[in-house]
Amino acid sequence: MAQKKKSSNYYYASQWTLMYAKFRKHKLAMASAIILIIFYLTAIFGNFIAPQGTEQFDSRYVNCGPTPVHFFHEGKFVGPFVYGLQKERNMETFMYEFSEKSDEIYRIRFFQQGQRGGEYKWLGLFESNLHLFEAEEGGVVFLIGTDYMGRDLFSRVVLGSQISLFIPIVGMILTVFLGILIGSIAGYFGGRVDNVIQRLIEVVRSFPQVPLWMALSAAIPPTMKPAQIFMLMTIILSLISWPDMARTVRSKFFSIKKEDYIMSARISGAPGSAIVMRHMIPSFLSYIIVRMSLTIPHLIVGETTLSFLGLGLRSPATSWGVLLQETNKLETIMFFGWKLLPMIFVFITVLAFNFLGDGLRDAADPYK
């Protein structure tokens with residue numbers, strides 16, 4: 001009886017219910033969704049999670065490696081703490097190196113009024129200086145080390161995610177909007193309109209991507225504020241990314257505009273905009289959702305590449321691409337390998353979006 005009821009629920013379930021049920025069976029996609037939720041929550045509450053702000057630095061700890069977090073001291077449980085640091089010059093490389101001073105213990109306190117992190121606006125609304133964790137006065141905690149100015153890399157990764165994760169969201173919305181708008185016009189009207197749009201797409205696609213980024217980014221004045229550069233980079237990435245979406249939408253329109261229900265809507269006198277919005281686009285909405293999830297990692301790599309090349313955001317603004325600018329020096333790879341760690345966050349995010357897109361692609365056709 002229970003098996004019969006389950007079968008009945010399957011045949012009467014909506015398409016969205018079936019898509020969700022199939023998506024849950026894709027373990028990698030579910031794990032990726034959880035990872036992305038954690039990353040985006042971290043970005044939203046970044047000022048609270050990061051122990052320092054983007055403008056805080058300490059010249060005493062320039063190029064300091066990650067500080068290990070300990071829990072036991074001389075066999076006794078103390079709780080999370082870090083040892084003090086001492087700086088000595090390596091006479092072989094003539095560079096300063098840091099080592100732990102085991103006689104100095106600084107406990108890590110949670111939910112503290114930050115002395116090093118400074119004040120910020122909670123969710124952009126309320127001023128606060130509360131931070132998730134911070135070492136006791138006199139101690140420092142650098143989870144993934146510092147950069148050439150003594151700035152905490154963990155804080156910069158967290159705060160940089162606010163740009164590196166949200167630029168692609170805004171860019172994806174613009175890309176999908178342009179792709180659907182231009183592709184639907186080409187597919188619905190066809191003929192000369194379609195020919196003109198296809199030639200436009202070919203012109204856009206014929207430009208080499210990196211030189212095109214460089215040409216468009218060169219138009220951004222270096223004196224512009226980070227927020228303005230943010231918006232211009234979003235527009236640049238969207239203008240480059242829409243042709244593939246437009247061609248896909250065009251092909252979908254050509255395949256369904258001769259369907260009986262579309263012809264019935266035309267005969268009944270429905271306006272073209274209503275046919276497109278109510279009948280044609282919803283017929284492949286699941287594909288659009290999949291395409292959106294696969295567009296985001298492309299834009300993440302685009303923003304990171306632009307900032308890495310110095311064509312996008314510039315310091316003191318922070319993004320994952322800006323953090324990777326130091327990695328183009330050989331000495332960084334040889335002596336300061338922890339500065340490559342921001343690359344891991346880019347890798348995990350792009351990989352998670354790809355797995356999420358695979359899960360959505362499989363779930364988009366729940367009857368297979």
# chains A, B, ... in the order shown; residues from 1 in each chain; ligands from 1

$ select_by_dssp --residues "region 42-86 of chain A" --states "strand (DSSP E or B)" --output "list in words"
His70, Phe71, Phe72, His73, Lys76, Phe77, Val78, Gly79, Pro80, Phe81, Val82, Tyr83, Gly84, Leu85 and Gln86 of chain A

$ write_last_selection --atoms "C-alpha atoms" --output "mmCIF file, in the first residue's frame"
data_model
loop_
_atom_site.group_PDB
_atom_site.id
_atom_site.type_symbol
_atom_site.label_atom_id
_atom_site.label_comp_id
_atom_site.auth_asym_id
_atom_site.auth_seq_id
_atom_site.Cartn_x
_atom_site.Cartn_y
_atom_site.Cartn_z
ATOM 1 C CA HIS A 70 47.611 25.297 19.893
ATOM 2 C CA PHE A 71 45.381 23.738 22.527
ATOM 3 C CA PHE A 72 47.903 22.106 24.883
ATOM 4 C CA HIS A 73 50.902 23.669 26.626
ATOM 5 C CA LYS A 76 48.015 20.704 29.907
ATOM 6 C CA PHE A 77 44.866 21.748 28.066
ATOM 7 C CA VAL A 78 44.768 25.525 27.802
ATOM 8 C CA GLY A 79 42.247 26.078 25.016
ATOM 9 C CA PRO A 80 42.964 27.766 21.700
ATOM 10 C CA PHE A 81 46.040 29.966 21.940
ATOM 11 C CA VAL A 82 49.076 31.138 19.996
ATOM 12 C CA TYR A 83 52.645 31.616 21.112
ATOM 13 C CA GLY A 84 54.470 34.901 20.850
ATOM 14 C CA LEU A 85 56.622 35.518 17.775
ATOM 15 C CA GLN A 86 60.234 36.544 17.479
#

$ residues_around --residues "Asn63 (chain A)" --least-positions-apart "4" --cutoff "7 Å" --atoms "only C-alpha atoms" --output "PyMOL selection string"
chain A and resi 146-148+150

$ write_last_selection --atoms "N, CA and C atoms" --output "CSV table (one decimal), in the first residue's frame"
chain,number,residue,atom,x,y,z
A,146,THR,N,50.8,36.6,6.5
A,146,THR,CA,50.6,38.0,6.2
A,146,THR,C,51.2,38.3,4.8
A,147,ASP,N,51.0,39.5,4.3
A,147,ASP,CA,51.5,39.9,3.0
A,147,ASP,C,52.7,40.8,3.2
A,148,TYR,N,53.1,41.4,2.1
A,148,TYR,CA,54.4,42.2,2.1
A,148,TYR,C,54.2,43.5,3.0
A,150,GLY,N,52.4,43.4,6.0
A,150,GLY,CA,52.0,43.0,7.3
A,150,GLY,C,50.5,42.9,7.5

$ closest_atom_pairs --of "region 136-184 of chain A" --to "region 266-281 of chain A" --cutoff "12 Å" --atoms "only C-alpha atoms" --output "JSON lines"
{"residue": "A:Ile180", "atom": "CA", "partner": "A:Ile281", "partner_atom": "CA", "distance": 8.5}
{"residue": "A:Leu181", "atom": "CA", "partner": "A:Val276", "partner_atom": "CA", "distance": 10.2}
{"residue": "A:Gly183", "atom": "CA", "partner": "A:Ile281", "partner_atom": "CA", "distance": 10.9}
{"residue": "A:Ser184", "atom": "CA", "partner": "A:Val276", "partner_atom": "CA", "distance": 7.7}

$ write_last_selection --atoms "C-alpha atoms" --output "compact mmCIF listing (two decimals), in the first residue's frame"
# COMPACT_ATOMS: atom_id res chain seq x y z
CA ILE A 180 17.56 35.96 -23.08
CA LEU A 181 16.56 39.36 -24.49
CA GLY A 183 18.39 35.49 -28.16
CA SER A 184 14.59 35.61 -27.88

$ residues_around --residues "region 236-242 of chain A" --least-positions-apart "6" --cutoff "6 Å" --atoms "only C-alpha atoms" --output "list in words"
Gly171, Leu174, Thr175 and Gly179 of chain A

$ residues_around --residues "Leu130 (chain A)" --least-positions-apart "6" --cutoff "8 Å" --atoms "only C-alpha atoms" --output "ChimeraX atom specification"
/A:48,111-114,119

$ write_last_selection --atoms "C-alpha atoms" --output "short mmCIF file (atom, residue, chain, number, x, y, z; two decimals), in the first residue's frame"
data_model
loop_
_atom_site.label_atom_id
_atom_site.label_comp_id
_atom_site.auth_asym_id
_atom_site.auth_seq_id
_atom_site.Cartn_x
_atom_site.Cartn_y
_atom_site.Cartn_z
CA PHE A 48 32.56 40.25 11.74
CA PHE A 111 33.27 37.59 20.24
CA GLN A 112 35.61 40.36 21.32
CA GLN A 113 35.51 44.09 20.75
CA GLY A 114 38.33 44.16 18.22
CA GLU A 119 35.00 49.49 13.41
#

$ atom_distance --atom1 "CA of Val290 (chain A)" --atom2 "CA of Trp16 (chain A)"
13.5 Å

$ residues_around --residues "Phe142 (chain A)" --least-positions-apart "2" --cutoff "12 Å" --atoms "only C-alpha atoms" --output "PyMOL selection string"
chain A and resi 50-52+57-58+61-69+81-85+108+133-135+139-140+144-147+150-157+338

$ write_last_selection --atoms "N, CA and C atoms" --output "compact mmCIF listing (two decimals), in the first residue's frame"
# COMPACT_ATOMS: atom_id res chain seq x y z
N ALA A 50 36.33 38.46 9.95
CA ALA A 50 37.73 38.86 9.75
C ALA A 50 38.24 39.59 10.99
N PRO A 51 39.39 39.17 11.54
CA PRO A 51 39.92 39.85 12.72
C PRO A 51 40.48 41.23 12.43
N GLN A 52 40.81 41.52 11.17
CA GLN A 52 41.32 42.83 10.79
C GLN A 52 40.56 43.36 9.59
N PHE A 57 47.37 47.15 9.16
CA PHE A 57 48.61 46.43 8.89
C PHE A 57 49.56 46.62 10.06
N ASP A 58 50.57 45.78 10.14
CA ASP A 58 51.56 45.86 11.20
C ASP A 58 52.93 45.57 10.59
N TYR A 61 55.27 42.51 11.36
CA TYR A 61 55.00 41.13 10.92
C TYR A 61 54.89 41.04 9.40
N VAL A 62 55.78 41.70 8.70
CA VAL A 62 55.80 41.65 7.24
C VAL A 62 56.23 40.25 6.80
N ASN A 63 55.46 39.67 5.87
CA ASN A 63 55.75 38.34 5.33
C ASN A 63 55.89 37.28 6.43
N CYS A 64 55.00 37.33 7.39
CA CYS A 64 54.98 36.35 8.47
C CYS A 64 54.14 35.15 8.04
N GLY A 65 54.64 33.96 8.27
CA GLY A 65 53.91 32.75 7.90
C GLY A 65 52.72 32.50 8.81
N PRO A 66 51.91 31.49 8.51
CA PRO A 66 50.75 31.17 9.35
C PRO A 66 51.18 30.86 10.79
N THR A 67 50.42 31.37 11.74
CA THR A 67 50.69 31.11 13.15
C THR A 67 49.86 29.90 13.60
N PRO A 68 50.52 28.82 14.01
CA PRO A 68 49.76 27.64 14.44
C PRO A 68 48.91 27.94 15.67
N VAL A 69 47.72 27.37 15.71
CA VAL A 69 46.84 27.48 16.87
C VAL A 69 47.02 26.23 17.72
N PHE A 81 45.10 28.88 21.66
CA PHE A 81 46.04 29.97 21.94
C PHE A 81 47.15 29.95 20.90
N VAL A 82 47.90 31.04 20.85
CA VAL A 82 49.08 31.14 20.00
C VAL A 82 50.25 31.57 20.86
N TYR A 83 51.43 31.17 20.44
CA TYR A 83 52.65 31.62 21.11
C TYR A 83 53.07 32.98 20.57
N GLY A 84 53.89 33.66 21.34
CA GLY A 84 54.47 34.90 20.85
C GLY A 84 55.44 34.62 19.71
N LEU A 85 55.75 35.66 18.94
CA LEU A 85 56.62 35.52 17.78
C LEU A 85 57.88 36.35 17.96
N ILE A 108 43.23 32.85 22.50
CA ILE A 108 42.34 33.39 21.46
C ILE A 108 40.96 33.58 22.07
N PHE A 133 36.94 36.43 16.48
CA PHE A 133 38.04 35.98 17.34
C PHE A 133 39.18 36.98 17.25
N GLU A 134 40.01 36.95 18.28
CA GLU A 134 41.17 37.83 18.34
C GLU A 134 42.08 37.34 19.46
N ALA A 135 43.38 37.43 19.26
CA ALA A 135 44.33 37.05 20.31
C ALA A 135 44.36 38.11 21.40
N GLY A 139 49.50 39.57 21.56
CA GLY A 139 49.63 38.43 20.66
C GLY A 139 48.95 38.70 19.33
N VAL A 140 49.30 37.91 18.35
CA VAL A 140 48.70 38.03 17.02
C VAL A 140 48.37 36.64 16.51
N ILE A 144 46.55 32.31 7.94
CA ILE A 144 47.24 31.94 6.70
C ILE A 144 48.34 32.95 6.38
N GLY A 145 48.91 33.55 7.41
CA GLY A 145 50.06 34.42 7.24
C GLY A 145 49.71 35.86 6.90
N THR A 146 50.75 36.62 6.54
CA THR A 146 50.58 38.03 6.19
C THR A 146 51.22 38.30 4.83
N ASP A 147 50.96 39.51 4.31
CA ASP A 147 51.52 39.87 3.01
C ASP A 147 52.73 40.79 3.20
N GLY A 150 52.38 43.39 5.97
CA GLY A 150 52.00 42.98 7.31
C GLY A 150 50.50 42.91 7.52
N ARG A 151 49.74 42.76 6.43
CA ARG A 151 48.28 42.64 6.54
C ARG A 151 47.89 41.16 6.63
N ASP A 152 46.90 40.89 7.45
CA ASP A 152 46.45 39.52 7.68
C ASP A 152 45.78 38.97 6.42
N LEU A 153 46.34 37.89 5.87
CA LEU A 153 45.81 37.34 4.63
C LEU A 153 44.43 36.70 4.82
N PHE A 154 44.20 36.07 5.98
CA PHE A 154 42.89 35.48 6.22
C PHE A 154 41.80 36.54 6.18
N SER A 155 42.05 37.67 6.82
CA SER A 155 41.07 38.77 6.80
C SER A 155 40.85 39.27 5.38
N ARG A 156 41.93 39.36 4.60
CA ARG A 156 41.81 39.86 3.24
C ARG A 156 41.09 38.86 2.34
N VAL A 157 41.29 37.55 2.59
CA VAL A 157 40.56 36.54 1.81
C VAL A 157 39.07 36.64 2.11
N TRP A 338 52.76 30.55 1.45
CA TRP A 338 51.41 30.73 1.98
C TRP A 338 50.61 31.79 1.21
